[in-house]
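The file protein24.cif contains mmCIF, C-alpha atoms and all ligand atoms:
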data_target
#
loop_
_atom_site.label_atom_id
_atom_site.label_comp_id
_atom_site.auth_asym_id
_atom_site.auth_seq_id
_atom_site.Cartn_x
_atom_site.Cartn_y
_atom_site.Cartn_z
CA MET A 10 18.51 -11.14 23.69
CA ILE A 11 19.89 -7.64 23.99
CA LEU A 12 22.67 -6.24 26.16
CA ILE A 13 22.15 -2.82 27.62
CA THR A 14 24.61 -0.70 29.57
CA GLY A 15 23.69 1.79 32.28
CA GLY A 16 20.33 0.11 32.85
CA ALA A 17 20.22 1.01 36.55
CA GLY A 18 20.17 4.74 35.73
CA PHE A 19 17.16 6.93 35.06
CA ILE A 20 16.52 6.25 31.36
CA GLY A 21 18.05 2.76 31.32
CA ALA A 22 15.82 1.54 34.17
CA ASN A 23 12.72 2.91 32.46
CA PHE A 24 13.88 1.23 29.26
CA VAL A 25 14.32 -2.18 30.95
CA LEU A 26 10.92 -1.98 32.66
CA ASP A 27 9.14 -0.98 29.44
CA TRP A 28 11.01 -3.54 27.33
CA LEU A 29 10.09 -6.44 29.61
CA ALA A 30 6.50 -5.20 29.86
CA GLN A 31 6.20 -5.31 26.08
CA CYS A 32 8.12 -8.37 24.94
CA ASP A 33 9.75 -11.54 26.22
CA GLU A 34 13.20 -10.94 24.81
CA PRO A 35 15.71 -11.14 27.71
CA VAL A 36 17.94 -8.24 28.72
CA VAL A 37 21.44 -8.40 30.14
CA ASN A 38 22.00 -5.18 32.04
CA LEU A 39 25.61 -4.11 32.65
CA ASP A 40 25.96 -1.22 35.09
CA LYS A 41 28.79 0.07 37.24
CA LEU A 42 26.37 1.37 39.90
CA THR A 43 27.87 4.80 40.30
CA TYR A 44 25.91 7.17 42.55
CA ALA A 45 23.40 7.40 39.63
CA GLY A 46 22.82 3.65 39.42
CA ASN A 47 19.88 2.52 41.54
CA LEU A 48 18.82 -1.13 41.51
CA GLU A 49 15.80 -0.21 43.59
CA SER A 50 14.36 1.30 40.40
CA LEU A 51 14.43 -2.24 38.98
CA SER A 52 12.87 -3.98 41.97
CA ALA A 53 9.81 -4.95 39.86
CA VAL A 54 12.01 -7.18 37.67
CA GLN A 55 14.43 -8.37 40.35
CA ALA A 56 13.01 -11.91 40.27
CA ASP A 57 12.30 -11.88 36.54
CA ALA A 58 14.41 -14.50 34.75
CA ARG A 59 14.38 -12.32 31.60
CA HIS A 60 16.48 -9.69 33.39
CA CYS A 61 20.10 -10.48 34.16
CA PHE A 62 21.92 -7.76 36.08
CA VAL A 63 25.71 -7.62 35.90
CA HIS A 64 27.71 -5.22 38.07
CA GLY A 65 30.59 -3.92 35.98
CA ASP A 66 32.20 -1.22 33.87
CA ILE A 67 31.76 -0.71 30.11
CA GLY A 68 35.51 -0.06 30.10
CA ASP A 69 36.30 -3.57 31.36
CA GLY A 70 37.07 -5.22 28.03
CA ASP A 71 37.50 -8.73 29.44
CA LEU A 72 34.16 -8.63 31.23
CA VAL A 73 32.27 -7.16 28.26
CA THR A 74 33.80 -9.69 25.85
CA ARG A 75 32.88 -12.53 28.21
CA LEU A 76 29.28 -11.27 28.47
CA LEU A 77 28.96 -10.91 24.71
CA ASN A 78 30.28 -14.41 24.04
CA GLN A 79 28.18 -15.94 26.79
CA HIS A 80 24.85 -14.26 25.95
CA GLN A 81 25.23 -13.73 22.17
CA PRO A 82 23.12 -10.54 22.02
CA ARG A 83 21.60 -9.40 18.73
CA ALA A 84 22.05 -5.78 19.86
CA VAL A 85 23.83 -3.57 22.37
CA VAL A 86 22.16 -0.38 23.61
CA ASN A 87 24.60 1.98 25.32
CA PHE A 88 23.04 4.18 28.02
CA ALA A 89 26.04 4.13 30.38
CA ALA A 90 27.46 7.57 30.99
CA GLU A 91 28.18 10.25 33.51
CA SER A 92 25.23 12.52 32.80
CA HIS A 93 25.02 15.57 35.06
CA VAL A 94 26.34 18.88 33.66
CA ASP A 95 26.97 20.45 37.10
CA ARG A 96 29.06 17.44 38.18
CA SER A 97 31.02 17.65 34.92
CA ILE A 98 31.95 21.25 35.75
CA HIS A 99 33.22 20.32 39.21
CA GLY A 100 34.97 17.09 38.17
CA PRO A 101 35.29 16.33 34.44
CA GLY A 102 37.62 13.33 34.89
CA ASP A 103 34.90 10.70 35.31
CA PHE A 104 33.15 12.06 32.23
CA ILE A 105 36.26 11.66 30.10
CA GLN A 106 36.85 8.19 31.52
CA THR A 107 33.38 6.69 31.08
CA ASN A 108 31.90 8.69 28.22
CA ILE A 109 34.98 8.70 25.99
CA VAL A 110 37.44 6.00 27.10
CA GLY A 111 34.62 3.69 28.24
CA THR A 112 32.71 4.06 24.96
CA TYR A 113 35.93 3.39 23.03
CA SER A 114 36.56 0.23 25.03
CA LEU A 115 32.94 -0.91 24.62
CA LEU A 116 33.13 -0.34 20.86
CA GLU A 117 36.29 -2.42 20.65
CA SER A 118 34.76 -5.28 22.66
CA VAL A 119 31.63 -5.19 20.53
CA ARG A 120 33.65 -5.04 17.32
CA GLY A 121 35.58 -8.15 18.32
CA TYR A 122 32.37 -10.06 19.05
CA TRP A 123 30.53 -8.77 15.98
CA SER A 124 33.42 -9.58 13.58
CA ALA A 125 33.25 -13.25 14.53
CA LEU A 126 29.47 -13.62 14.10
CA PRO A 127 28.07 -15.72 11.24
CA ALA A 128 27.16 -13.57 8.21
CA ASP A 129 23.40 -13.38 8.82
CA GLN A 130 23.80 -12.43 12.50
CA LYS A 131 26.51 -9.97 11.57
CA THR A 132 24.14 -8.19 9.20
CA ALA A 133 21.30 -8.12 11.71
CA PHE A 134 23.43 -6.93 14.66
CA ARG A 135 23.00 -3.35 15.96
CA PHE A 136 24.95 -1.08 18.32
CA LEU A 137 22.66 1.74 19.44
CA HIS A 138 24.35 4.67 21.15
CA VAL A 139 22.12 6.88 23.31
CA SER A 140 23.22 10.51 23.18
CA THR A 141 22.01 14.01 23.86
CA ASP A 142 20.97 17.21 22.08
CA GLU A 143 23.59 19.01 24.19
CA VAL A 144 26.28 17.98 21.67
CA TYR A 145 24.86 20.59 19.27
CA GLY A 146 25.61 23.49 21.64
CA SER A 147 23.31 26.40 22.37
CA LEU A 148 20.69 28.07 20.14
CA GLY A 149 19.79 31.75 19.88
CA LYS A 150 16.18 32.74 20.64
CA ASP A 151 14.97 32.67 17.02
CA GLU A 152 17.22 30.01 15.53
CA PRO A 153 15.60 26.87 14.12
CA ALA A 154 15.71 23.69 16.23
CA PHE A 155 18.64 21.26 15.93
CA THR A 156 18.46 18.89 12.97
CA GLU A 157 20.80 15.91 12.62
CA ARG A 158 22.97 18.04 10.29
CA HIS A 159 23.57 20.80 12.84
CA HIS A 160 27.21 21.54 13.75
CA ILE A 161 28.54 19.69 16.78
CA GLU A 162 29.44 22.53 19.18
CA PRO A 163 29.44 21.19 22.75
CA ASN A 164 29.99 23.71 25.55
CA SER A 165 30.22 21.75 28.82
CA PRO A 166 32.61 18.96 29.80
CA TYR A 167 29.55 16.65 29.78
CA SER A 168 28.40 17.57 26.28
CA ALA A 169 31.98 17.55 24.95
CA SER A 170 32.49 14.02 26.27
CA LYS A 171 29.19 12.88 24.74
CA ALA A 172 30.10 14.51 21.42
CA ALA A 173 33.43 12.68 21.49
CA SER A 174 31.63 9.37 22.08
CA ASP A 175 29.24 10.10 19.19
CA HIS A 176 32.25 10.67 16.92
CA LEU A 177 33.82 7.38 18.00
CA VAL A 178 30.59 5.52 17.25
CA ARG A 179 30.43 7.15 13.81
CA ALA A 180 34.06 6.27 13.10
CA TRP A 181 33.60 2.61 14.13
CA HIS A 182 30.86 2.42 11.50
CA HIS A 183 32.77 4.16 8.72
CA THR A 184 36.08 2.45 9.39
CA TYR A 185 35.09 -1.03 10.53
CA GLY A 186 31.53 -1.33 9.26
CA LEU A 187 30.05 -1.82 12.75
CA PRO A 188 26.25 -1.44 12.31
CA VAL A 189 25.62 1.52 14.56
CA LEU A 190 22.67 3.80 15.27
CA THR A 191 22.83 7.03 17.29
CA THR A 192 19.98 8.87 18.99
CA ASN A 193 20.34 12.45 20.23
CA CYS A 194 17.52 13.23 22.62
CA SER A 195 16.36 16.36 24.42
CA ASN A 196 15.95 16.65 28.23
CA ASN A 197 14.03 13.75 29.75
CA TYR A 198 11.81 13.76 32.83
CA GLY A 199 9.69 11.11 34.54
CA PRO A 200 9.83 8.33 37.16
CA TYR A 201 13.14 7.22 38.76
CA HIS A 202 14.92 10.50 37.93
CA PHE A 203 17.74 11.24 40.38
CA PRO A 204 16.84 14.40 42.31
CA GLU A 205 19.94 16.35 41.31
CA LYS A 206 18.28 17.20 37.97
CA LEU A 207 15.86 20.11 37.73
CA ILE A 208 12.39 18.50 37.73
CA PRO A 209 12.84 15.85 40.45
CA LEU A 210 14.84 18.36 42.52
CA LEU A 211 11.92 20.79 42.38
CA ILE A 212 9.44 18.15 43.53
CA VAL A 213 11.62 16.79 46.32
CA ASN A 214 12.73 20.22 47.60
CA SER A 215 9.18 21.59 47.48
CA LEU A 216 7.88 18.77 49.65
CA ALA A 217 10.81 19.12 52.07
CA GLY A 218 10.17 22.86 52.51
CA LYS A 219 13.53 23.68 50.94
CA ASN A 220 14.53 26.38 48.43
CA LEU A 221 13.85 25.87 44.72
CA PRO A 222 17.13 27.04 43.17
CA VAL A 223 16.75 28.82 39.82
CA TYR A 224 20.05 29.43 38.04
CA GLY A 225 20.54 32.98 36.71
CA ASP A 226 17.37 34.55 35.33
CA GLY A 227 15.55 31.23 34.82
CA GLN A 228 14.94 32.05 31.16
CA GLN A 229 17.11 29.24 29.77
CA ILE A 230 15.08 27.01 27.47
CA ARG A 231 15.07 23.21 27.41
CA ASP A 232 13.01 20.89 25.22
CA TRP A 233 11.34 18.31 27.49
CA LEU A 234 10.38 14.72 26.67
CA TYR A 235 8.68 12.18 28.95
CA VAL A 236 11.19 9.38 29.54
CA LYS A 237 8.87 6.62 28.29
CA ASP A 238 8.59 8.41 24.96
CA HIS A 239 12.39 8.42 24.73
CA CYS A 240 12.31 4.67 25.42
CA SER A 241 9.73 4.09 22.67
CA ALA A 242 11.89 6.10 20.25
CA ILE A 243 14.92 3.96 21.06
CA ARG A 244 12.91 0.77 20.51
CA ARG A 245 11.69 2.12 17.16
CA VAL A 246 15.19 3.15 16.00
CA LEU A 247 16.57 -0.23 17.08
CA GLU A 248 13.81 -1.94 15.11
CA ALA A 249 13.85 0.07 11.90
CA GLY A 250 16.58 2.74 11.94
CA ARG A 251 18.95 2.88 9.00
CA VAL A 252 22.46 1.74 9.90
CA GLY A 253 24.94 4.57 10.37
CA GLU A 254 22.20 7.19 10.81
CA ILE A 255 21.59 9.69 13.59
CA TYR A 256 18.03 10.26 14.83
CA ASN A 257 17.11 13.30 16.90
CA VAL A 258 14.47 12.56 19.53
CA GLY A 259 12.21 15.24 20.98
CA GLY A 260 8.61 16.18 21.59
CA TRP A 261 8.51 19.86 20.51
CA ASN A 262 8.14 21.01 24.11
CA GLU A 263 10.37 24.03 24.58
CA LYS A 264 9.94 25.59 28.00
CA ALA A 265 11.84 28.23 29.97
CA ASN A 266 13.11 26.90 33.30
CA LEU A 267 10.98 29.35 35.24
CA GLU A 268 7.87 28.03 33.51
CA ILE A 269 8.83 24.50 34.56
CA VAL A 270 9.27 25.68 38.14
CA HIS A 271 5.86 27.35 38.21
CA THR A 272 4.18 24.33 36.58
CA VAL A 273 5.60 21.93 39.17
CA CYS A 274 4.64 24.30 42.01
CA ALA A 275 1.08 24.62 40.69
CA LEU A 276 0.68 20.83 40.40
CA LEU A 277 1.91 20.37 43.95
CA ASP A 278 -0.42 23.13 45.19
CA GLU A 279 -3.23 21.08 43.68
CA MET A 280 -2.13 17.55 44.62
CA ARG A 281 -0.29 18.06 47.93
CA PRO A 282 -0.97 21.57 49.26
CA ARG A 283 1.44 22.99 51.83
CA ASP A 284 0.32 22.62 55.45
CA ASP A 285 0.27 26.42 55.86
CA GLY A 286 -1.84 26.85 52.72
CA ARG A 287 0.82 29.08 51.08
CA PRO A 288 1.84 28.43 47.44
CA TYR A 289 5.01 26.43 46.74
CA HIS A 290 6.35 29.13 44.42
CA GLU A 291 7.25 31.13 47.55
CA GLN A 292 10.18 28.69 47.90
CA ILE A 293 11.77 29.88 44.60
CA THR A 294 15.28 31.27 45.12
CA TYR A 295 17.45 32.78 42.41
CA VAL A 296 21.03 31.51 42.66
CA THR A 297 24.30 32.11 40.81
CA ASP A 298 24.18 30.90 37.23
CA ARG A 299 25.96 27.76 36.03
CA PRO A 300 29.27 28.66 34.28
CA GLY A 301 28.93 28.45 30.50
CA HIS A 302 25.20 27.78 30.86
CA ASP A 303 23.66 26.93 27.47
CA ARG A 304 20.77 29.28 26.77
CA ARG A 305 18.51 27.18 24.61
CA TYR A 306 18.13 23.64 23.27
CA ALA A 307 15.43 22.61 20.80
CA ILE A 308 15.11 19.38 18.84
CA ASP A 309 13.75 18.98 15.34
CA ALA A 310 12.48 15.37 15.42
CA ARG A 311 11.01 15.29 11.91
CA LYS A 312 13.43 12.67 10.60
CA LEU A 313 12.37 10.17 13.26
CA GLU A 314 8.71 11.04 12.84
CA GLN A 315 8.68 10.89 9.04
CA GLU A 316 11.09 8.01 8.41
CA LEU A 317 10.12 5.73 11.27
CA GLY A 318 6.63 6.94 12.14
CA TRP A 319 7.51 7.61 15.80
CA LYS A 320 5.37 9.95 17.86
CA PRO A 321 5.46 10.73 21.59
CA ALA A 322 2.48 9.44 23.57
CA GLU A 323 2.56 12.23 26.18
CA THR A 324 2.14 15.97 25.92
CA PHE A 325 4.18 17.99 28.39
CA GLU A 326 1.03 18.60 30.42
CA SER A 327 0.16 14.89 30.74
CA GLY A 328 3.79 13.81 31.30
CA ILE A 329 4.56 16.33 34.02
CA ARG A 330 1.32 15.47 35.85
CA LYS A 331 2.25 11.75 35.75
CA THR A 332 5.72 12.59 36.99
CA VAL A 333 4.54 14.60 40.00
CA GLN A 334 2.03 11.84 40.79
CA TRP A 335 4.79 9.23 40.62
CA TYR A 336 7.00 11.10 43.10
CA LEU A 337 4.06 11.56 45.48
CA ALA A 338 3.23 7.85 45.24
CA ASN A 339 6.82 6.67 45.77
CA PRO A 340 8.17 8.44 48.88
CA ASP A 341 10.29 5.40 49.82
CA TRP A 342 12.25 5.56 46.58
CA VAL A 343 12.96 9.25 47.25
CA THR A 344 13.84 8.69 50.91
CA HIS A 345 16.26 5.90 50.04
CA VAL A 346 17.96 8.06 47.42
CA GLN A 347 18.31 10.90 49.89
CA SER A 348 19.60 8.74 52.74
CA GLY A 349 21.91 6.74 50.50
CA ALA A 350 20.10 3.49 51.46
CA TYR A 351 19.55 2.73 47.76
CA ARG A 352 23.26 1.92 47.51
CA GLU A 353 22.79 -1.01 49.86
CA TRP A 354 20.07 -2.48 47.65
CA VAL A 355 22.56 -4.45 45.60
CA GLN A 356 23.96 -6.19 48.66
CA THR A 357 20.60 -7.01 50.22
CA GLN A 358 18.63 -7.96 47.12
CA TYR A 359 21.26 -9.48 44.87
CA ALA A 360 23.51 -11.13 47.44
CA ASP A 361 22.68 -14.65 46.24
CA GLN A 362 23.07 -13.95 42.49
P1 LIG B 1 22.02 8.41 34.68
O1 LIG B 1 23.18 9.21 35.18
O2 LIG B 1 20.73 8.44 35.45
O3 LIG B 1 22.44 6.87 34.55
C1 LIG B 1 23.67 6.46 34.04
C2 LIG B 1 23.87 4.99 34.41
O4 LIG B 1 25.11 4.56 33.84
C3 LIG B 1 23.95 4.74 35.91
O5 LIG B 1 23.18 3.62 36.26
C4 LIG B 1 25.43 4.47 36.16
O6 LIG B 1 25.67 3.60 37.25
C5 LIG B 1 25.84 3.85 34.82
N1 LIG B 1 27.28 3.99 34.54
C6 LIG B 1 28.04 5.10 34.67
N2 LIG B 1 29.31 4.83 34.32
C7 LIG B 1 29.35 3.53 33.93
C8 LIG B 1 30.37 2.67 33.44
N3 LIG B 1 31.62 3.11 33.28
N4 LIG B 1 30.05 1.39 33.13
C9 LIG B 1 28.78 0.93 33.30
N5 LIG B 1 27.78 1.70 33.77
C10 LIG B 1 28.05 2.98 34.08
O7 LIG B 1 21.79 8.88 33.18
P2 LIG B 1 20.45 8.93 32.32
O8 LIG B 1 19.80 10.23 32.54
O9 LIG B 1 19.71 7.68 32.53
O10 LIG B 1 21.09 8.95 30.86
C11 LIG B 1 21.34 7.74 30.14
C12 LIG B 1 21.96 8.10 28.81
O11 LIG B 1 21.09 8.94 28.08
C13 LIG B 1 23.30 8.86 28.95
O12 LIG B 1 24.16 8.38 27.95
C14 LIG B 1 22.91 10.31 28.69
O13 LIG B 1 23.98 11.02 28.12
C15 LIG B 1 21.77 10.13 27.70
N6 LIG B 1 20.76 11.21 27.70
C16 LIG B 1 20.19 11.62 28.87
C17 LIG B 1 19.19 12.60 28.83
C18 LIG B 1 18.50 13.06 30.09
O14 LIG B 1 17.72 14.04 30.04
N7 LIG B 1 18.68 12.42 31.23
C19 LIG B 1 18.79 13.15 27.61
C20 LIG B 1 19.40 12.69 26.43
C21 LIG B 1 20.38 11.71 26.49
P1 LIG B 2 19.41 19.80 34.39
O1 LIG B 2 18.23 19.05 34.89
O2 LIG B 2 20.68 19.75 35.17
O3 LIG B 2 19.64 19.34 32.87
P2 LIG B 2 20.67 19.94 31.74
O4 LIG B 2 21.65 20.84 32.38
O5 LIG B 2 21.30 18.68 31.21
O6 LIG B 2 19.79 20.63 30.73
O7 LIG B 2 19.01 21.32 34.24
C1 LIG B 2 17.92 21.73 33.43
C2 LIG B 2 17.91 23.24 33.42
O8 LIG B 2 17.58 23.71 34.73
C3 LIG B 2 19.25 23.86 33.09
O9 LIG B 2 19.05 25.04 32.32
C4 LIG B 2 19.84 24.20 34.44
C5 LIG B 2 18.61 24.54 35.27
N1 LIG B 2 18.68 24.24 36.71
C6 LIG B 2 18.30 25.21 37.65
O10 LIG B 2 17.92 26.36 37.30
N2 LIG B 2 18.35 24.88 38.97
C7 LIG B 2 18.78 23.65 39.41
O11 LIG B 2 18.84 23.42 40.63
C8 LIG B 2 19.14 22.67 38.43
C9 LIG B 2 19.61 21.29 38.86
C10 LIG B 2 19.08 22.99 37.09
#

Could you take the file, read its structure, and then write that structure out as structure tokens?
Amino acid sequence: MILITGGAGFIGANFVLDWLAQCDEPVVNLDKLTYAGNLESLSAVQADARHCFVHGDIGDGDLVTRLLNQHQPRAVVNFAAESHVDRSIHGPGDFIQTNIVGTYSLLESVRGYWSALPADQKTAFRFLHVSTDEVYGSLGKDEPAFTERHHIEPNSPYSASKAASDHLVRAWHHTYGLPVLTTNCSNNYGPYHFPEKLIPLLIVNSLAGKNLPVYGDGQQIRDWLYVKDHCSAIRRVLEAGRVGEIYNVGGWNEKANLEIVHTVCALLDEMRPRDDGRPYHEQITYVTDRPGHDRRYAIDARKLEQELGWKPAETFESGIRKTVQWYLANPDWVTHVQSGAYREWVQTQYADQ
């Protein structure tokens, strides 16, 4: 079995659902259920004996050690993090605590467990750390995309805390021999994405008749990847990645924010036209820019493609269409996130476990 952390969040929940749809290997899912953790996203596997949810913190060494000894995982995949840049600007403390101190504690718990494994299991064990392209900093308009050898130059409290965690993971490999893998992925989008991030916020605000806030001039560039392609990349790296290596994950989909906004508006005009027949782009509002806003991210994913033969299944056009369709087909999920009812899901659905 494998142990994953942060599996009630956006990417972790997609990962659990895809994993259990594709194989029978059980998953223990450790998640603290911060505001970003939503067990409703995992309702499809709530009664599935292959999925064991544990409410807890990666920084709780006693709990993590107990889980490792009890379940004897062959791998740990670490998704758990505070992940929203705007929140990190307003309150960096949680980012330092979970992303840095929490990762340190998790590494120590895993090292203790791994050290005591029999030789063959010790060799086969993997610790996969899920990280972001934001650790590389910001690119100029004509600079080549980030390779794995790019300088680490984080600019936000979020990216700095992720960069610190990446360094810890690297050090635990070089110093203690822990068999680690690190993935640095570009911006994800897709089902179960909390509507504080750009794409789900655009969909939800459009439908609610609210403003579509564009920071600054809207010309910042992000490199977008459909979440299920990120999940397939993680599975591939876990399966065949070389120990100690970093793999950049991306789909060569650089888009300016304003283009994203217009694409989402156009899809909604087609799939769920406004009652008054007016286009959704009339709801666009330019707002004050984010402090220290990175101008451009772009991922060079050739190492992953050439070494491990990974390729994304979706183009941006197919992925964004699926995403808008998913939000239109799942209004209850959105309503429960907005009302806060999703936070009660753990009490009502998992009370007897
Ligand atoms: P998310 O914020 O949606 O989910 C994070 C999950 O971690 C939540 O379920 C939360 O409850 C849990 N968590 C937070 N602190 C915890 C702790 N101390 N112990 C246990 N669980 C805790 O984030 P996401 O978008 O799913 O991102 C997952 C990972 O992928 C993060 O490490 C993030 O840095 C990385 N990443 C995200 C993106 C993206 O575009 N979303 C891109 C590249 C990398
Ligand atoms: P976000 O989804 O927060 O991801 P990240 O900051 O990790 O890249 O934001 C994506 C881009 O969209 C980023 O350049 C900030 C911008 N943005 C807006 O213009 N308006 C918004 O309301 C939000 C949430 C983001």

For the atom pair atom CA of Lys312 of chain A and atom CA of Cys194 of chain A, what is the interatomic distance in Å to one decimal place?
12.7 Å

Using only C-alpha atoms and all ligand atoms, which residues have at least one atom no more than 8 Å from ligand LIG 1 (chain B)? Output them as JSON, numbers by chain.
{"A": [14, 15, 16, 17, 18, 19, 20, 21, 22, 39, 40, 41, 42, 43, 44, 45, 46, 47, 64, 65, 66, 67, 68, 87, 88, 89, 90, 91, 92, 93, 106, 107, 108, 111, 138, 139, 140, 141, 142, 143, 171, 193, 194, 195, 196, 197, 198, 202, 203]}

Just give me the gap between atom CA of Ala249 of chain A and atom CA of Ala128 of chain A in Å, one decimal is fine.
19.4 Å

Return the padded bounding box of ligand LIG 2 (chain B) as AutoDock Vina command-line options: axis-aligned, built from all atoms listed in the file, 5 Å added on each side, with centre and edge lengths in Å to one decimal.
--center_x 19.6 --center_y 22.5 --center_z 35.7 --size_x 14.1 --size_y 17.7 --size_z 19.9

Ligand LIG 2 (chain B): which residues are within 7 Å, counting all atoms listed in the file, as a list in words?
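Using all atoms listed in the file, everything at most 7 Å from ligand LIG 2 (chain B) comes to His93, Val94, Asp95, Asn196, Glu205, Lys206, Leu207, Ile208, Leu210, Leu221, Pro222, Val223, Tyr224, Gly227, Gln229, Ile230, Arg231, Asn266, His302 and Asp303 of chain A.
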
Could you list as a list in words every residue that has an atom within 12 Å of (38.1, -0.1, 24.0), using the file's coordinates and counting all atoms listed in the file?
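Using all atoms listed in the file, the matching residues come out as Asp66, Ile67, Gly68, Asp69, Gly70, Asp71, Leu72, Val73, Thr74, Gln106, Thr107, Asn108, Ile109, Val110, Gly111, Thr112, Tyr113, Ser114, Leu115, Leu116, Glu117, Ser118, Val119, Arg120, Gly121, Ser174, Leu177, Val178 and Trp181 of chain A.
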
Which residue, A:Leu234, A:Leu247, A:Asp298, A:Val37, has the smallest gap to Gln79 of chain A when you use only C-alpha atoms?
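Counting only C-alpha atoms, the residue closest to Gln79 of chain A is A:Val37.
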
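Look at everything within 10 Å of (29.8, 20.6, 26.3) using all atoms listed in the file, and the residues you get are Val94, Ser97, Ile98, Glu143, Val144, Tyr145, Gly146, Ser147, Ile161, Glu162, Pro163, Asn164, Ser165, Pro166, Tyr167, Ser168, Ala169, Ser170, Lys171, Ala172, Ala173, Gly301, His302 and Asp303 of chain A.
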
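The interatomic distance for the pair atom CA of Pro282 of chain A and atom CA of Val343 of chain A works out to 18.7 Å.
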
Could you add the missing atoms to segment 228-241 of chain A, up to N, CA and C atoms, and return them as a PDB file, in the frame of the given file?
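The resulting file, out.pdb, is shown below:
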ATOM      1  N   GLN A 228      15.522  31.967  32.509  1.00  0.00           N
ATOM      2  CA  GLN A 228      14.940  32.050  31.160  1.00  0.00           C
ATOM      3  C   GLN A 228      15.635  31.110  30.154  1.00  0.00           C
ATOM      4  N   GLN A 229      16.495  30.231  30.660  1.00  0.00           N
ATOM      5  CA  GLN A 229      17.110  29.240  29.770  1.00  0.00           C
ATOM      6  C   GLN A 229      16.008  28.281  29.303  1.00  0.00           C
ATOM      7  N   ILE A 230      16.143  27.854  28.045  1.00  0.00           N
ATOM      8  CA  ILE A 230      15.080  27.010  27.470  1.00  0.00           C
ATOM      9  C   ILE A 230      15.599  25.589  27.246  1.00  0.00           C
ATOM     10  N   ARG A 231      14.802  24.622  27.681  1.00  0.00           N
ATOM     11  CA  ARG A 231      15.070  23.210  27.410  1.00  0.00           C
ATOM     12  C   ARG A 231      13.853  22.630  26.717  1.00  0.00           C
ATOM     13  N   ASP A 232      14.075  21.521  25.996  1.00  0.00           N
ATOM     14  CA  ASP A 232      13.010  20.890  25.220  1.00  0.00           C
ATOM     15  C   ASP A 232      12.728  19.560  25.921  1.00  0.00           C
ATOM     16  N   TRP A 233      11.557  19.412  26.542  1.00  0.00           N
ATOM     17  CA  TRP A 233      11.340  18.310  27.490  1.00  0.00           C
ATOM     18  C   TRP A 233      10.586  17.143  26.862  1.00  0.00           C
ATOM     19  N   LEU A 234      11.033  15.935  27.174  1.00  0.00           N
ATOM     20  CA  LEU A 234      10.380  14.720  26.670  1.00  0.00           C
ATOM     21  C   LEU A 234      10.172  13.737  27.827  1.00  0.00           C
ATOM     22  N   TYR A 235       8.971  13.186  27.917  1.00  0.00           N
ATOM     23  CA  TYR A 235       8.680  12.180  28.950  1.00  0.00           C
ATOM     24  C   TYR A 235       9.546  10.952  28.675  1.00  0.00           C
ATOM     25  N   VAL A 236      10.175  10.418  29.720  1.00  0.00           N
ATOM     26  CA  VAL A 236      11.190   9.380  29.540  1.00  0.00           C
ATOM     27  C   VAL A 236      10.658   8.164  28.764  1.00  0.00           C
ATOM     28  N   LYS A 237       9.389   7.817  28.974  1.00  0.00           N
ATOM     29  CA  LYS A 237       8.870   6.620  28.290  1.00  0.00           C
ATOM     30  C   LYS A 237       8.739   6.851  26.794  1.00  0.00           C
ATOM     31  N   ASP A 238       8.597   8.112  26.396  1.00  0.00           N
ATOM     32  CA  ASP A 238       8.590   8.410  24.960  1.00  0.00           C
ATOM     33  C   ASP A 238      10.013   8.285  24.381  1.00  0.00           C
ATOM     34  N   HIS A 239      11.009   8.655  25.173  1.00  0.00           N
ATOM     35  CA  HIS A 239      12.390   8.420  24.730  1.00  0.00           C
ATOM     36  C   HIS A 239      12.617   6.916  24.546  1.00  0.00           C
ATOM     37  N   CYS A 240      12.128   6.137  25.502  1.00  0.00           N
ATOM     38  CA  CYS A 240      12.310   4.670  25.420  1.00  0.00           C
ATOM     39  C   CYS A 240      11.615   4.113  24.171  1.00  0.00           C
ATOM     40  N   SER A 241      10.431   4.604  23.855  1.00  0.00           N
ATOM     41  CA  SER A 241       9.730   4.090  22.670  1.00  0.00           C
ATOM     42  C   SER A 241      10.481   4.494  21.404  1.00  0.00           C
TER      43      SER A 241
END
